[in-house]
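Quick look at input_37.txt (compact mmCIF, C-alpha atoms):
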```txt
# COMPACT_ATOMS: atom_id res chain seq x y z
CA MET U 404 86.99 1.56 129.77
CA GLY U 405 87.56 -1.04 127.03
CA GLU U 406 84.88 -2.09 124.61
CA ALA U 407 86.04 -5.67 124.63
CA LEU U 408 88.05 -7.83 126.96
CA ILE U 409 90.58 -9.68 124.92
CA ILE U 410 93.01 -12.16 126.35
CA ARG U 411 95.94 -13.04 124.24
CA LYS U 412 96.43 -16.75 123.78
CA GLY U 413 98.76 -16.60 120.85
CA ILE U 414 99.05 -14.80 117.62
CA GLU U 415 95.95 -16.31 116.06
CA LYS U 416 93.96 -17.50 119.05
CA VAL U 417 92.31 -15.01 121.33
CA THR U 418 89.18 -14.82 123.38
CA ILE U 419 86.90 -11.93 122.62
CA ASP U 420 84.00 -11.43 125.00
CA GLY U 421 83.91 -15.12 125.70
CA GLU U 422 84.08 -16.26 122.10
CA LYS U 423 87.08 -18.25 121.13
CA VAL U 424 88.61 -17.34 117.84
CA LYS U 425 89.97 -20.33 116.03
CA SER U 426 91.74 -18.88 113.05
CA LYS U 427 91.42 -16.19 110.47
CA MET U 428 89.55 -18.57 108.18
CA ASN U 429 85.89 -17.58 107.81
CA LEU U 430 86.28 -14.81 110.27
CA GLU U 431 84.92 -11.33 110.21
CA LYS U 432 87.01 -8.41 111.26
CA ILE U 433 85.64 -6.75 114.36
CA SER U 434 86.28 -3.36 115.76
CA SER U 435 87.66 -3.34 119.24
CA THR U 436 89.93 -1.46 121.53
CA ILE U 437 91.96 -3.11 124.21
CA TYR U 438 93.10 -1.13 127.21
CA LEU U 439 96.33 -2.41 128.68
CA PRO U 440 97.95 -1.39 131.97
CA PRO U 441 98.55 2.36 131.82
CA VAL U 442 101.98 3.90 131.78
CA PRO U 443 102.96 4.97 135.31
CA GLN U 444 103.78 8.48 134.23
CA ALA U 445 101.82 10.82 131.98
CA VAL U 446 104.14 12.46 129.49
CA PHE U 447 104.09 13.50 125.88
CA GLU U 448 106.90 13.69 123.33
CA ALA U 449 108.39 10.50 124.73
CA SER U 450 110.44 8.25 122.47
CA GLY U 451 109.33 4.70 121.83
CA ILE U 452 111.44 1.79 120.71
CA VAL U 453 110.96 -1.95 120.46
CA ILE U 454 113.91 -3.90 121.86
CA ASP U 455 113.94 -7.67 121.54
CA GLY U 456 110.25 -7.58 120.71
CA GLU U 457 109.22 -5.55 123.74
CA PHE U 458 108.30 -1.89 123.93
CA HIS U 459 110.44 0.63 125.76
CA ARG U 460 109.68 4.28 126.36
CA LEU U 461 112.31 6.90 127.01
CA GLY U 462 111.86 10.36 128.44
CA GLY U 463 108.99 12.65 127.54
CA ARG U 464 107.93 15.81 129.23
CA ILE U 465 105.48 17.05 131.78
CA SER U 466 106.65 19.85 134.06
CA GLY U 467 110.22 18.89 133.29
CA THR U 468 111.71 16.23 131.09
CA SER U 469 111.79 12.64 132.19
CA TYR U 470 114.99 10.64 132.59
CA SER U 471 113.28 7.27 132.69
CA LEU U 472 113.65 4.32 130.38
CA MET U 473 110.51 2.24 130.92
CA HIS U 474 109.99 -1.32 129.77
CA TYR U 475 106.57 -2.84 129.16
CA LYS U 476 106.65 -6.59 129.74
CA PHE U 477 103.79 -7.86 127.66
CA SER U 478 103.76 -11.31 129.23
CA GLU U 479 103.34 -9.82 132.71
CA GLY U 480 101.41 -6.70 131.78
CA THR U 481 103.76 -4.54 133.81
CA TRP U 482 105.72 -1.37 133.32
CA THR U 483 109.16 -1.31 134.89
CA ALA U 484 111.69 1.51 135.08
CA VAL U 485 114.89 -0.11 133.87
CA SER U 486 117.25 2.84 133.78
CA THR U 487 117.66 6.53 134.46
CA MET U 488 119.31 8.43 131.65
CA GLY U 489 122.00 11.00 132.26
CA ALA U 490 119.78 13.70 130.80
CA GLY U 491 116.10 14.46 130.95
CA VAL U 492 115.05 14.20 127.34
CA CYS U 493 112.01 14.52 125.09
CA GLY U 494 111.46 14.41 121.37
CA ALA U 495 114.64 12.43 120.90
CA PRO U 496 115.24 10.02 118.03
CA VAL U 497 115.95 6.60 119.50
CA VAL U 498 117.22 3.64 117.47
CA VAL U 499 118.79 0.25 118.02
CA PHE U 500 122.08 0.05 116.17
CA ASN U 501 124.68 -2.71 116.52
CA ASP U 502 122.62 -4.17 119.39
CA GLU U 503 122.89 -0.96 121.40
CA LEU U 504 120.31 1.74 122.05
CA TYR U 505 121.26 5.14 120.66
CA VAL U 506 119.68 8.47 121.53
CA LEU U 507 120.41 11.27 119.10
CA GLY U 508 120.03 14.70 120.62
CA GLY U 509 116.51 15.57 121.64
CA LYS U 510 115.79 18.42 124.00
CA ASN U 511 114.87 19.35 127.53
CA SER U 512 112.84 22.23 128.90
CA SER U 513 115.54 24.77 128.29
CA GLY U 514 117.31 23.75 125.14
CA VAL U 515 118.38 21.26 122.52
CA TYR U 516 120.88 18.49 123.08
CA ARG U 517 123.46 18.15 120.36
CA LEU U 518 125.27 15.09 121.68
CA MET U 519 124.39 11.44 121.33
CA TRP U 520 124.11 8.79 124.01
CA LYS U 521 124.21 5.04 123.84
CA TYR U 522 122.81 2.58 126.34
CA SER U 523 124.36 -0.80 126.88
CA ASN U 524 124.54 -3.26 129.77
CA GLY U 525 122.59 -0.95 132.06
CA ALA U 526 124.86 2.07 131.60
CA TRP U 527 124.68 5.22 129.54
CA THR U 528 127.67 6.56 127.65
CA GLN U 529 127.76 10.03 126.20
CA LEU U 530 129.38 9.85 122.77
CA THR U 531 132.11 12.14 121.62
CA ALA U 532 131.71 11.54 117.90
CA GLY U 533 130.69 15.12 117.13
CA ALA U 534 127.74 17.38 117.62
CA LEU U 535 124.38 17.30 115.92
CA LYS U 536 123.00 20.48 114.44
CA GLU U 537 120.81 22.47 116.81
CA VAL U 538 117.30 21.87 115.56
CA SER U 539 113.69 22.18 116.66
CA TYR U 540 112.76 18.56 116.00
CA SER U 541 114.47 15.45 114.69
CA SER U 542 114.08 11.80 113.76
CA ALA U 543 116.36 8.93 112.80
CA VAL U 544 116.36 5.53 111.17
CA VAL U 545 118.87 2.70 110.78
CA PHE U 546 119.46 1.81 107.15
CA ASN U 547 122.39 0.14 105.36
CA ASN U 548 124.51 -0.10 108.52
CA LYS U 549 124.26 3.57 109.41
CA ILE U 550 122.07 5.76 111.52
CA HIS U 551 120.48 8.41 109.34
CA TRP U 552 119.34 11.50 111.21
CA ILE U 553 117.35 14.52 110.09
CA GLY U 554 116.50 17.66 112.00
CA GLY U 555 114.47 20.72 111.16
CA VAL U 556 115.10 24.33 112.00
CA GLY U 557 113.32 27.25 110.40
CA ASN U 558 111.96 25.82 107.17
CA ASN U 559 115.06 23.77 106.44
CA ILE U 560 115.75 20.10 107.03
CA TYR U 561 119.30 18.93 107.69
CA TYR U 562 120.67 15.43 107.30
CA ALA U 563 123.57 13.60 108.92
CA THR U 564 124.77 10.02 109.26
CA PHE U 565 126.52 8.13 112.03
CA ASP U 566 128.43 4.92 111.30
CA GLY U 567 129.15 4.00 114.91
CA ASN U 568 132.31 6.08 115.08
CA ILE U 569 131.99 9.24 113.04
CA LEU U 570 129.08 11.65 112.87
CA SER U 571 129.01 13.39 109.49
CA ASP U 572 128.40 17.08 109.03
CA SER U 573 124.75 18.13 108.87
CA ASN U 574 123.84 19.12 105.32
CA LEU U 575 120.73 20.83 104.03
CA ILE U 576 118.56 18.18 102.41
CA ILE U 577 115.10 19.77 101.97
CA SER U 578 114.04 23.42 101.99
CA ASN U 579 110.62 25.05 102.43
CA CYS U 580 109.56 22.39 104.84
CA LYS U 581 107.60 22.77 108.07
CA SER U 582 108.17 19.29 109.43
CA ALA U 583 109.77 16.04 108.34
CA TYR U 584 110.25 12.49 109.53
CA ILE U 585 112.75 9.97 108.23
CA THR U 586 111.88 6.30 108.02
CA THR U 587 111.89 3.32 105.67
CA LEU U 588 109.12 2.21 103.36
CA LYS U 589 109.21 -0.94 101.26
CA GLY U 590 112.96 -1.27 101.57
CA GLU U 591 113.80 2.33 100.77
CA MET U 592 114.80 5.22 102.98
CA VAL U 593 112.24 8.01 102.76
CA ILE U 594 111.29 11.31 104.34
CA ILE U 595 107.66 12.17 104.83
CA ALA U 596 107.39 15.93 104.95
CA THR U 597 105.01 18.85 105.22
CA ASP U 598 105.99 21.76 103.01
CA THR U 599 105.28 25.40 103.77
CA SER U 600 101.98 25.20 101.86
CA TYR U 601 100.94 22.25 104.02
CA ASN U 602 101.27 19.71 101.24
CA TRP U 603 102.37 16.31 102.50
CA LYS U 604 105.19 14.90 100.41
CA LEU U 605 107.31 11.80 100.16
CA TYR U 606 111.00 12.05 99.33
CA LYS U 607 113.26 9.12 98.58
CA ILE U 608 116.75 9.40 100.01
CA ALA U 609 119.70 8.13 98.01
CA ASP U 610 122.88 6.67 99.50
CA ASP U 611 124.66 9.98 98.97
CA GLY U 612 122.03 11.78 101.05
CA THR U 613 120.18 13.53 98.25
CA ALA U 614 116.41 13.77 98.43
CA THR U 615 114.16 13.23 95.43
CA LEU U 616 110.48 14.06 95.51
CA ALA U 617 108.66 10.78 94.90
CA ASP U 618 105.04 11.64 95.61
CA THR U 619 102.73 14.40 96.77
CA ILE U 620 100.69 12.46 99.26
CA LYS U 621 98.03 15.07 99.97
CA GLN U 622 97.76 18.70 98.99
CA ASN U 623 96.67 21.75 100.97
CA THR U 624 96.01 19.84 104.16
CA ASN U 625 96.19 22.84 106.50
CA TYR U 626 98.08 20.56 108.88
CA SER U 627 101.71 20.00 109.57
CA LEU U 628 102.63 16.49 110.62
CA ILE U 629 104.80 17.84 113.42
CA ASN U 630 102.48 16.58 116.17
CA ALA U 631 101.49 13.33 114.51
CA THR U 632 102.74 10.08 115.90
CA ILE U 633 104.24 8.30 112.94
CA LEU U 634 104.50 4.53 112.93
CA SER U 635 106.35 2.75 110.19
CA THR U 636 105.82 -0.85 109.31
CA GLU U 637 107.49 -2.66 106.45
CA ASP U 638 104.93 -1.62 103.84
CA GLU U 639 103.01 1.24 105.40
CA ILE U 640 103.37 4.50 107.25
CA HIS U 641 100.66 5.16 109.82
CA LEU U 642 99.88 8.78 110.68
CA LEU U 643 98.20 8.83 114.06
CA GLY U 644 96.53 11.90 115.58
CA ILE U 645 97.75 14.53 113.17
CA THR U 646 97.22 17.45 115.49
CA ALA U 647 95.21 18.56 118.46
CA GLY U 648 92.53 19.94 116.17
CA ASP U 649 90.26 18.27 113.64
CA TYR U 650 92.60 15.37 113.10
CA SER U 651 93.33 14.57 116.76
CA ASN U 652 91.65 11.19 116.34
CA ALA U 653 92.72 10.60 112.77
CA HIS U 654 94.33 7.39 111.61
CA LEU U 655 95.70 7.58 108.12
CA VAL U 656 97.77 4.98 106.31
CA TYR U 657 100.10 5.65 103.42
CA ASP U 658 101.48 2.74 101.42
CA GLY U 659 103.69 4.66 99.03
CA VAL U 660 100.91 5.01 96.49
CA SER U 661 97.74 6.11 98.21
CA LEU U 662 96.63 7.62 101.49
CA THR U 663 93.72 5.95 103.25
CA GLN U 664 91.76 7.22 106.24
CA LEU U 665 90.85 4.40 108.61
CA ASP U 666 88.45 4.40 111.54
CA ASP U 667 89.05 7.19 113.99
CA LEU U 668 91.22 6.43 116.97
CA PRO U 669 89.26 5.88 120.19
CA VAL U 670 91.19 8.66 121.90
CA SER U 671 92.77 11.94 120.96
CA PHE U 672 96.36 11.11 120.30
CA SER U 673 99.21 13.37 119.37
CA MET U 674 102.85 13.46 120.38
CA GLY U 675 102.63 9.95 121.80
CA CYS U 676 104.35 6.68 121.07
CA ALA U 677 103.10 3.87 118.89
CA TYR U 678 104.30 0.42 117.97
CA LYS U 679 102.87 -2.56 116.21
CA ASP U 680 102.97 -6.19 117.21
CA SER U 681 100.98 -9.29 116.36
CA ILE U 682 97.87 -8.06 118.14
CA GLY U 683 97.66 -4.58 116.68
CA ILE U 684 98.86 -1.02 116.95
CA HIS U 685 99.65 0.09 120.46
CA LEU U 686 99.16 3.73 121.43
CA VAL U 687 101.11 4.83 124.48
CA GLY U 688 100.68 8.11 126.31
CA GLY U 689 100.59 11.21 124.22
CA THR U 690 98.21 14.07 124.65
CA GLY U 691 94.73 15.13 123.82
CA VAL U 692 94.28 18.84 123.37
CA SER U 693 96.70 19.82 126.09
CA ALA U 694 97.01 17.11 128.72
CA ALA U 695 99.36 14.17 128.76
CA THR U 696 97.74 10.82 129.41
CA THR U 697 98.76 7.47 130.81
CA ASP U 698 96.66 5.63 128.25
CA HIS U 699 98.03 2.42 126.83
CA LEU U 700 95.69 0.81 124.38
CA VAL U 701 95.67 -1.33 121.30
CA ILE U 702 93.63 -0.65 118.23
CA ASP U 703 92.94 -3.81 116.36
CA THR U 704 94.45 -4.49 113.03
CA ASN U 705 94.46 -8.26 113.31
CA PHE U 706 91.46 -9.18 115.38
CA TYR U 707 88.82 -11.33 113.87
CA ALA U 708 85.68 -12.90 115.29
CA GLU U 709 84.06 -16.06 114.08
CA VAL U 710 81.20 -15.37 111.72
CA SER U 711 77.94 -16.79 113.06
CA GLU U 712 76.38 -19.33 110.75
CA MET H 1448 117.43 14.97 144.29
CA LYS H 1449 120.53 13.64 142.64
CA GLU H 1450 123.53 12.78 144.76
CA LEU H 1451 126.14 11.89 142.21
CA TYR H 1452 129.52 10.32 142.79
CA TYR H 1453 132.15 8.77 140.57
CA GLU H 1454 134.40 5.74 140.48
CA LEU H 1455 137.52 5.68 138.33
CA THR H 1456 138.54 2.69 136.24
CA ASP H 1457 141.61 1.83 134.18
CA ASN H 1458 140.11 3.37 131.04
CA GLY H 1459 137.50 5.84 132.24
CA TYR H 1460 134.97 6.36 134.99
CA HIS H 1461 131.49 5.50 136.23
CA ILE H 1462 129.00 7.99 137.65
CA TYR H 1463 126.29 6.81 140.01
CA ASP H 1464 123.50 8.40 142.01
CA LYS H 1465 123.24 7.44 145.69
CA ASN H 1466 119.49 8.00 145.50
CA ASP H 1467 118.79 6.14 142.28
CA PRO H 1468 120.18 2.66 141.65
CA LEU H 1469 119.03 2.88 138.02
CA PHE H 1470 121.29 5.82 137.28
CA HIS H 1471 124.58 4.71 135.76
CA ILE H 1472 126.87 6.53 133.34
CA HIS H 1473 129.98 4.82 132.07
CA GLN H 1474 132.50 6.86 130.09
CA TYR H 1475 135.45 4.93 128.73
CA GLU H 1476 137.97 5.20 125.92
CA PRO H 1477 137.35 6.52 123.31
CA TYR H 1478 134.34 8.27 124.84
CA ILE H 1479 136.11 10.50 127.33
CA PRO H 1480 134.53 13.96 126.91
CA ASN H 1481 137.77 15.92 127.28
CA PRO H 1482 140.71 13.66 126.39
CA SER H 1483 143.29 16.27 127.36
CA ASN H 1484 142.16 16.10 131.00
CA SER H 1485 142.47 13.23 133.48
CA TYR H 1486 139.66 10.77 134.04
CA GLU H 1487 139.05 12.29 137.46
CA GLU H 1488 138.82 15.81 136.07
CA ASN H 1489 136.43 14.54 133.41
CA ALA H 1490 134.28 12.77 136.00
CA LYS H 1491 134.02 15.89 138.17
CA ALA H 1492 133.18 18.09 135.19
CA HIS H 1493 130.61 15.57 134.01
CA ILE H 1494 128.92 15.50 137.41
CA GLU H 1495 128.81 19.28 137.46
CA ALA H 1496 127.17 19.33 134.03
CA LEU H 1497 124.66 16.68 135.03
CA SER H 1498 123.77 18.52 138.21
CA ASP H 1499 122.60 21.44 136.12
CA GLU H 1500 119.88 19.29 134.61
CA LEU H 1501 116.34 20.04 135.70
CA GLU H 1502 114.85 17.64 138.18
CA ILE H 1503 111.62 16.07 137.06
CA GLU H 1504 108.55 17.21 138.93
CA GLU H 1505 105.96 14.51 139.33
CA PRO H 1506 102.43 15.76 138.64
CA ASN H 1507 100.28 15.61 141.76
CA ASN H 1508 96.96 16.40 140.14
CA PRO H 1509 94.28 14.04 138.89
CA TYR H 1510 94.93 14.78 135.23
CA GLY H 1511 98.64 14.10 135.09
CA ILE H 1512 99.32 17.49 133.55
CA PRO H 1513 102.16 19.76 134.65
CA ASN H 1514 101.46 21.12 138.11
CA ASN H 1515 101.87 24.72 137.02
CA GLU H 1516 99.41 24.15 134.15
CA TYR H 1517 96.96 22.51 136.56
CA THR H 1518 97.21 25.41 139.00
CA ALA H 1519 96.62 27.89 136.17
CA LEU H 1520 93.70 25.82 134.90
CA VAL H 1521 92.02 25.66 138.30
CA GLU H 1522 92.54 29.38 138.89
CA ASN H 1523 91.15 30.11 135.44
CA ILE H 1524 88.07 27.96 136.03
CA GLN H 1525 87.50 29.57 139.42
CA GLN H 1526 87.78 33.05 137.90
CA GLN H 1527 85.46 32.05 135.06
CA THR H 1528 82.92 30.81 137.60
CA ILE H 1529 83.13 34.05 139.57
CA ASP H 1530 82.78 36.03 136.34
CA GLU H 1531 79.72 33.99 135.33
CA ILE H 1532 78.13 34.47 138.75
CA VAL H 1533 78.73 38.21 138.66
CA LYS H 1534 77.45 38.37 135.07
CA GLY H 1535 74.38 36.31 136.02
CA VAL H 1536 73.63 38.47 139.02
CA SER H 1537 73.95 41.59 136.90
CA ALA H 1538 71.73 40.16 134.19
CA ASP H 1539 69.08 39.15 136.71
CA ASP H 1540 69.25 42.46 138.45
CA GLU H 1541 66.79 44.21 136.21
CA SER H 1542 65.52 46.25 139.08
CA GLY H 1543 69.02 47.54 139.70
CA THR H 1544 69.06 46.71 143.34
CA ASN H 1545 72.57 45.23 143.26
```
What is this structure when it is put down as structure tokens?
Amino acid sequence: MGEALIIRKGIEKVTIDGEKVKSKMNLEKISSTIYLPPVPQAVFEASGIVIDGEFHRLGGRISGTSYSLMHYKFSEGTWTAVSTMGAGVCGAPVVVFNDELYVLGGKNSSGVYRLMWKYSNGAWTQLTAGALKEVSYSSAVVFNNKIHWIGGVGNNIYYATFDGNILSDSNLIISNCKSAYITTLKGEMVIIATDTSYNWKLYKIADDGTATLADTIKQNTNYSLINATILSTEDEIHLLGITAGDYSNAHLVYDGVSLTQLDDLPVSFSMGCAYKDSIGIHLVGGTGVSAATTDHLVIDTNFYAEVSE
Amino acid sequence: MKELYYELTDNGYHIYDKNDPLFHIHQYEPYIPNPSNSYEENAKAHIEALSDELEIEEPNNPYGIPNNEYTALVENIQQQTIDEIVKGVSADDESGTN
């Protein structure tokens, strides 16, 4: 399956098809895909989160919605079910806040959850801090000691915050919007959104929860980012597998100024999970046109091979 | 199949599943869903609500897609094949013997 067998020896030293890589000095970037042990269960719309440097996947859906919190132990190359949640959930924003895992709403096969859960010491606790607005999709980010949540319903995006005790009311933050995702970029809280004319836009979010249009990233795309897997790093937002159509293999990167299309992904990838570590961007699960997969692969962003003299 | 039971504590309750050692809910102050009721009443109501949740159905097909979608897909392919055979037979039957 993989184009190259790569064994991790450390951040900078790896073996690629028998060639030892010494350092990034005088090296040439190579294109490679690494296939890691597949996820035991094929789902899409799962939630991914890195806890203590290791990837965890919660929920997702197939026939029904999954209750499982899975942990991928990189050092052992194994997936382990570590907990069963009190609710089968998919499409749920998941964040680490005050050293605890929080799940904000999400949905199951028959409806939308409006309550939050937290996971700590192997047990789930359903919070009683208030109810989230009933929405079609949602996302969340931790910023300035609060969880910031957005959810979309109709063409409106609503915004709420949670400080660990009190969930604020959900207020309208952006109108005429088909999809939106909240994250951070270069130290600021932002929303990347698709408007009703399929323009992709970037809004900066102020402390008082107001949104200001900062950039029109791409106009008249014909695509909503609703099915894209969005991966935020400190300085970039990766848009992976925009939809099940023309862009199912797309990999675009936005740095706050320009949008760049990178090499196509090796697989169709939408509604999956992604995370980045020292060896590259990991793609977990997700779907092609209609089927969930168990794929777990890494696309290189850091791999280099020694240039032959 | 879930088989839930509860254990009360001084400030709340735990819910466990006899069939799943990884299932553990812990509600404690101030996270008691209905503070005007007792912990035991809350635990029973919570179990009832949880029992309404859909059970996950593991896919038992080679593609890992929902079983109902797989069944529909296979039936659709089979019907398409039958349609193509019938269409092919009709097209080849220029003499009109079929």
message: Need the shell around Ala617 of chain U: protein/DNA/RNA residues with any atom at most 12 Å away, counting all atoms listed in the file. Skip same-chain ones fewer than 6 positions apart. Format as a PyMOL selection string?
response: chain U and resi 591-596+603-609+659-660
Put those residues in a file: C-alpha atoms, as a short mmCIF file (atom, residue, chain, number, x, y, z; two decimals), in the frame of the given file.
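Below is the file again.cif, written as the result:
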```cif
data_model
loop_
_atom_site.label_atom_id
_atom_site.label_comp_id
_atom_site.auth_asym_id
_atom_site.auth_seq_id
_atom_site.Cartn_x
_atom_site.Cartn_y
_atom_site.Cartn_z
CA GLU U 591 113.80 2.33 100.77
CA MET U 592 114.80 5.22 102.98
CA VAL U 593 112.24 8.01 102.76
CA ILE U 594 111.29 11.31 104.34
CA ILE U 595 107.66 12.17 104.83
CA ALA U 596 107.39 15.93 104.95
CA TRP U 603 102.37 16.31 102.50
CA LYS U 604 105.19 14.90 100.41
CA LEU U 605 107.31 11.80 100.16
CA TYR U 606 111.00 12.05 99.33
CA LYS U 607 113.26 9.12 98.58
CA ILE U 608 116.75 9.40 100.01
CA ALA U 609 119.70 8.13 98.01
CA GLY U 659 103.69 4.66 99.03
CA VAL U 660 100.91 5.01 96.49
#
```
query: Within 7 Å of chain H, which residues of chain U show up when using all atoms listed in the file, listed as a count of residues only?
result: 21
- request: Could you give me, as a list in words, the residues within 9 Å of Ser573 of chain U, counting all atoms listed in the file and dropping anything in the same chain fewer than 6 positions from it?
  value: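 Residues near the query, excluding close chain neighbours: Leu535, Lys536, Trp552, Ile553, Gly554, Tyr561, Tyr562, Ala563 and Thr564 of chain U.
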Next, the residues of the selection above should be written as a PDB file, keeping the file's coordinate frame with C-alpha atoms.
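To be explicit, this is the file written out as out-v8.pdb:
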```pdb
ATOM      1  CA  LEU U 535     124.380  17.300 115.920  1.00  0.00           C
ATOM      2  CA  LYS U 536     123.000  20.480 114.440  1.00  0.00           C
ATOM      3  CA  TRP U 552     119.340  11.500 111.210  1.00  0.00           C
ATOM      4  CA  ILE U 553     117.350  14.520 110.090  1.00  0.00           C
ATOM      5  CA  GLY U 554     116.500  17.660 112.000  1.00  0.00           C
ATOM      6  CA  TYR U 561     119.300  18.930 107.690  1.00  0.00           C
ATOM      7  CA  TYR U 562     120.670  15.430 107.300  1.00  0.00           C
ATOM      8  CA  ALA U 563     123.570  13.600 108.920  1.00  0.00           C
ATOM      9  CA  THR U 564     124.770  10.020 109.260  1.00  0.00           C
TER      10      THR U 564
END
```
field: atom CA of His699 of chain U to atom CA of His685 of chain U, straight-line distance in Å
entry: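 Separating atom CA of His685 of chain U from atom CA of His699 of chain U is a distance of 7.0 Å.
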8 Å contact set for Val515 of chain U, only C-alpha atoms, chain neighbours under 2 positions out, as a VMD selection string: chain U and resid 508 to 511 513 517 537 to 539
query: Smallest atom-to-atom distance to Pro496 of chain U: which of U:Tyr584, U:Phe458, U:Phe546, U:Phe477, using only C-alpha atoms?
result: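 Ranked by minimum distance to Pro496 of chain U, first place goes to U:Tyr584.
Here atom CA of Asn558 of chain U and atom CA of Asn579 of chain U stand 5.0 Å from one another.
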task: Find the residue from U:Ile454, U:Val499, U:Val687, U:Met519 that sits nearest to Leu570 of chain U; use all atoms listed in the file when measuring.
output: U:Met519
query: Between atom CA of Ala449 of chain U and atom CA of Gly462 of chain U, what is the distance, to one decimal in Å?
result: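 Atom-to-atom, atom CA of Ala449 of chain U to atom CA of Gly462 of chain U, that is 5.1 Å.
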message: For a quick check of understanding, using only C-alpha atoms, which of U:Asn547, U:Gly688, U:Asn559, U:Leu461 has the smallest distance to Tyr522 of chain U?
response: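 Closest candidate: U:Leu461.
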field: Counting all atoms listed in the file, the residue of U:Ser450, U:Gly494, U:Leu634, U:Val442 that sits nearest Gly480 of chain U
entry: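 Smallest separation from Gly480 of chain U among the options: U:Val442.
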query: With only C-alpha atoms as the basis for distance, which of U:Ile585, U:Leu642, U:Ala495, U:Leu504 is at the shortest distance from Val453 of chain U?
result: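 Closest residue, counting only C-alpha atoms: U:Leu504.
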Segment 513-517 of chain U, all listed atoms, 8 Å padding on each side: what axis-aligned box centre and edge lengths in Å to one decimal come out, as AutoDock Vina command-line options?
```
--center_x 119.5 --center_y 21.5 --center_z 124.3 --size_x 23.9 --size_y 22.6 --size_z 23.9
```
message: Show me the residues close to (102.6, 13.0, 114.1) - anything with an atom within 8 Å, counting all atoms listed in the file - and format the list as a VMD selection string.
response: chain U and resid 628 to 633 642 to 646 673 to 674
